[in-house]
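K.L.:
Let me begin by handing over the structure; questions about it come next.
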Amino acid sequence: MSPDVVLVRTGVANVASVTAALQRLGVEPRLSDDPAVIRGAAAVVLPGVGAFGAGMERLDAAGLVTPLRARVERGEPTLAVCLGLQLLGLESEEEPGVPGLGVAPTRTRRLTGAPRLPHFGWNQVEPDPGCTMLAAGEAYFAHSFRLDDSPALAAEGWSVARSLEGEPFVAAIERGAVLGCQFHPELSGTYGAALLERWLERAALTLSGGAA
Amino acid sequence: MVRLRVIPCLDVKDGRVVKGVRFQGLRDAGDPVERAVAYAESGADELCLLDVSATREGRASAVETVRAVRAAIGIPLTVGGGVRRIEDAARLLDAGADKVAVNTAALERPELIAEIKARLGAQCTVLSLDAARREDAERPDSPPSWEVVVAGGTRRTGTDAIEWARRAVSLGAGEILATSWDRDGTGDGYDAELLRALAGAVSVPLIASGGARTAGHMETALDAGASAVLAASIFHDGVTTVRQIKLELARSGRDVRLPLCPPSVQ
């Protein structure tokens, strides 16, 4: 049985590609910005939403900051993509002074050293041995900002996958059934589809009271 | 490091893939969804879909085609053709485009680029630039220059292509799809001088387009500073496959993403 998956409606985020990717896996996601729905959903996807400041503003206006924070803290199945991952952090150089959701103890900064920005294209993802959903392989990125690879992540139970473009950076993080990807699993072909499938399986397992 | 990208381009008119030479003499080249799936399976890193009927005949963009292609493939999709307002761009994103390419309308009203960037982000905003070489019979030895052509290549604008690229990036374009009008559909190779001039003028990724026939042409474009190479005719006509091109690029030591398993039918 596929879990009930809710996509957070953020106004301008491209949800069509995420929706299509989930549909190819047999999941029909619902779109919602209702705090009660986000709080109660079996699994939630937080897609990219343009700029950091505007993204937090929208989550705040919709009353989604507390429900999203609670989901991640409790380890409830949640997938954050691209800007969605950055929103999990403390803050971003893109919008100084605007606090993020603060559930991942690290900051977002501009990618430096890359020959060209935005960093568009397929790049190698190398997971820590502790990763159970993230696998080594090539994934598709489209971004100019990235999370700092802080030791605080591991200290709070996050496993990290890294990539390299001019400098090493955080490609993705995972903890239990929570997965945050700087790359776009929905656009990463068979690599991305396999990752989404593992996340859905983990979500189903968590919900059935199996393991976290 | 990020891999070099190989991008098949589907020029779509009335729901069918078409291809011509220098944007004219369009011939049928198949069903867009079938093509898209075949190219994705062959190792395409992205797909580009351009509604070539949109500008000249004022058609709305091929939203239905975008939706059908999006449902079928799990790789990035850039869509252009007939994007005149922010609403057009938003509609294409809703239908499943990941990046939206602007061309003629942005030239007429450059703020369109800033509007799309503000609402959808620079990573969604692509400038599609069709450039033709300027002929200067008086001074044949003068350095090359290019002007922007619009309306399916039927009108030369006099706007300097390099200056326009620079301006578009300052307004928020996150990528440039640079098509050489002189080379389009000819198989004579990309206009490497155009690519070199653009690569030196802007810091965003550059997609080379127009004239590709061989992996060697693609290497020339990459050496000129392109981050990605786009081709249409050679893939549509079965001259080669995405997989074959990528294998050849890999053999030359280029960093490309190779499909894990060979397809059963080559």
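Just so we're on the same page: first chain in the structure tokens is A, next is B, and so on; residues restart at 1 for each chain, and ligands are numbered from 1 in the order they show up.
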I'd like a table as CSV: residues in chain A with an atom no more than 7 Å from chain B, each row giving the shortest atom pair and its distance in Å to one decimal, only C-alpha atoms counted, sorted by chain and rising residue number.
P.N.:
```
residue,atom,partner,partner_atom,distance
A:Val12,CA,B:Leu120,CA,6.6
A:Asn14,CA,B:Leu93,CA,6.0
A:Ala16,CA,B:Gly96,CA,4.7
A:Ser17,CA,B:Gly96,CA,5.5
A:Ala20,CA,B:Ala71,CA,5.2
A:Ala21,CA,B:Gly74,CA,6.4
A:Gly50,CA,B:Gly121,CA,5.0
A:Ala51,CA,B:Gly121,CA,6.8
A:Arg116,CA,B:Val204,CA,5.3
A:Leu117,CA,B:Val204,CA,5.2
A:Pro118,CA,B:Gly174,CA,6.4
A:Gly121,CA,B:Val2,CA,6.0
A:Trp122,CA,B:Arg3,CA,5.5
A:Asn123,CA,B:Val2,CA,4.6
A:Ala142,CA,B:Gln123,CA,6.2
A:His143,CA,B:Gln123,CA,6.6
A:Leu164,CA,B:Met1,CA,5.6
A:Glu165,CA,B:Met1,CA,4.8
A:Glu186,CA,B:Gly74,CA,6.1
A:Leu187,CA,B:Ile75,CA,4.2
A:Ser188,CA,B:Ile75,CA,5.8
A:Gly189,CA,B:Gly74,CA,4.9
```
K.L.:
Can you spit out the residues from that selection as a compact mmCIF listing (two decimals), in the first residue's frame, using C-alpha atoms?
P.N.:
```
# COMPACT_ATOMS: atom_id res chain seq x y z
CA VAL A 12 5.03 29.09 -7.41
CA ASN A 14 7.12 23.54 -9.81
CA ALA A 16 4.31 19.11 -11.86
CA SER A 17 7.60 17.23 -12.12
CA ALA A 20 4.62 13.09 -12.36
CA ALA A 21 7.55 11.27 -10.72
CA GLY A 50 12.16 30.04 -5.69
CA ALA A 51 13.99 32.28 -3.25
CA ARG A 116 29.58 28.65 -13.78
CA LEU A 117 26.43 29.34 -11.76
CA PRO A 118 23.72 28.19 -11.45
CA GLY A 121 23.34 19.33 -14.50
CA TRP A 122 24.24 15.84 -13.34
CA ASN A 123 26.83 15.39 -10.64
CA ALA A 142 19.82 23.20 -10.44
CA HIS A 143 20.92 25.66 -7.75
CA LEU A 164 31.64 18.43 -5.67
CA GLU A 165 31.44 21.51 -7.90
CA GLU A 186 12.10 13.83 -9.62
CA LEU A 187 14.43 14.87 -12.48
CA SER A 188 17.21 12.39 -11.81
CA GLY A 189 16.02 9.59 -14.07
```
K.L.:
Neighbouring residues of stretch 77-79 of chain A were defined as those with any atom within 9 Å, considering only C-alpha atoms; residues of the same chain fewer than 4 positions away were excluded. Please report them as a PyMOL selection string.
P.N.:
chain A and resi 41-47+68+71-72+84-85+176-181+199-200+202-204+206-207
K.L.:
Write the residues of the selection above to a file with N, CA and C atoms, as an mmCIF file, in the first residue's frame.
P.N.:
```
data_model
loop_
_atom_site.group_PDB
_atom_site.id
_atom_site.type_symbol
_atom_site.label_atom_id
_atom_site.label_comp_id
_atom_site.auth_asym_id
_atom_site.auth_seq_id
_atom_site.Cartn_x
_atom_site.Cartn_y
_atom_site.Cartn_z
ATOM 1 N N ALA A 41 -0.695 14.331 7.562
ATOM 2 C CA ALA A 41 -0.393 13.507 6.387
ATOM 3 C C ALA A 41 0.583 12.395 6.729
ATOM 4 N N ALA A 42 0.406 11.256 6.061
ATOM 5 C CA ALA A 42 1.339 10.154 6.255
ATOM 6 C C ALA A 42 2.736 10.566 5.797
ATOM 7 N N ALA A 43 2.810 11.201 4.615
ATOM 8 C CA ALA A 43 4.102 11.619 4.072
ATOM 9 C C ALA A 43 3.924 12.980 3.398
ATOM 10 N N VAL A 44 4.937 13.827 3.545
ATOM 11 C CA VAL A 44 4.857 15.189 3.014
ATOM 12 C C VAL A 44 6.083 15.486 2.156
ATOM 13 N N VAL A 45 5.848 16.153 1.018
ATOM 14 C CA VAL A 45 6.946 16.618 0.176
ATOM 15 C C VAL A 45 6.956 18.150 0.199
ATOM 16 N N LEU A 46 8.105 18.716 0.563
ATOM 17 C CA LEU A 46 8.281 20.171 0.538
ATOM 18 C C LEU A 46 9.160 20.507 -0.668
ATOM 19 N N PRO A 47 8.548 21.016 -1.744
ATOM 20 C CA PRO A 47 9.328 21.253 -2.962
ATOM 21 C C PRO A 47 10.088 22.579 -2.896
ATOM 22 N N LEU A 68 5.551 21.764 9.938
ATOM 23 C CA LEU A 68 6.691 21.177 9.228
ATOM 24 C C LEU A 68 7.824 20.871 10.206
ATOM 25 N N ARG A 71 6.997 17.770 12.181
ATOM 26 C CA ARG A 71 7.142 16.531 11.392
ATOM 27 C C ARG A 71 8.597 16.058 11.397
ATOM 28 N N VAL A 72 9.501 17.011 11.109
ATOM 29 C CA VAL A 72 10.917 16.637 10.999
ATOM 30 C C VAL A 72 11.463 16.226 12.365
ATOM 31 N N GLY A 84 13.665 23.468 -0.659
ATOM 32 C CA GLY A 84 13.014 22.836 0.486
ATOM 33 C C GLY A 84 14.048 22.368 1.500
ATOM 34 N N LEU A 85 15.149 21.785 1.029
ATOM 35 C CA LEU A 85 16.237 21.357 1.916
ATOM 36 C C LEU A 85 16.840 22.561 2.635
ATOM 37 N N GLY A 176 16.250 8.891 9.632
ATOM 38 C CA GLY A 176 15.007 8.123 9.704
ATOM 39 C C GLY A 176 14.253 8.227 8.387
ATOM 40 N N ALA A 177 13.007 8.682 8.465
ATOM 41 C CA ALA A 177 12.177 8.788 7.258
ATOM 42 C C ALA A 177 12.179 10.202 6.698
ATOM 43 N N VAL A 178 13.116 11.031 7.184
ATOM 44 C CA VAL A 178 13.228 12.397 6.667
ATOM 45 C C VAL A 178 14.408 12.461 5.702
ATOM 46 N N LEU A 179 14.121 12.981 4.518
ATOM 47 C CA LEU A 179 15.135 13.054 3.460
ATOM 48 C C LEU A 179 15.122 14.468 2.882
ATOM 49 N N GLY A 180 16.298 15.083 2.786
ATOM 50 C CA GLY A 180 16.395 16.405 2.163
ATOM 51 C C GLY A 180 17.419 16.347 1.048
ATOM 52 N N CYS A 181 17.020 16.755 -0.155
ATOM 53 C CA CYS A 181 17.918 16.649 -1.310
ATOM 54 C C CYS A 181 18.149 18.004 -1.939
ATOM 55 N N TRP A 199 12.392 6.057 -0.308
ATOM 56 C CA TRP A 199 11.779 6.959 0.669
ATOM 57 C C TRP A 199 10.325 6.537 0.945
ATOM 58 N N LEU A 200 9.601 6.172 -0.109
ATOM 59 C CA LEU A 200 8.209 5.732 0.067
ATOM 60 C C LEU A 200 8.149 4.441 0.885
ATOM 61 N N ARG A 202 10.402 3.486 3.103
ATOM 62 C CA ARG A 202 10.734 3.867 4.472
ATOM 63 C C ARG A 202 9.532 4.502 5.164
ATOM 64 N N ALA A 203 8.807 5.332 4.385
ATOM 65 C CA ALA A 203 7.621 5.982 4.938
ATOM 66 C C ALA A 203 6.594 4.936 5.347
ATOM 67 N N ALA A 204 6.369 3.960 4.473
ATOM 68 C CA ALA A 204 5.375 2.919 4.750
ATOM 69 C C ALA A 204 5.774 2.108 5.987
ATOM 70 N N THR A 206 7.744 3.114 8.489
ATOM 71 C CA THR A 206 7.634 3.971 9.671
ATOM 72 C C THR A 206 6.183 4.024 10.147
ATOM 73 N N LEU A 207 5.268 4.143 9.168
ATOM 74 C CA LEU A 207 3.856 4.282 9.511
ATOM 75 C C LEU A 207 3.282 3.002 10.082
#
```
K.L.:
Which one is closest to A:Pro99: A:Leu87, A:Ala194, A:Ala171, A:Ala161? Count only C-alpha atoms.
P.N.:
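Residue with the minimum atom-to-atom distance to A:Pro99: A:Leu87.
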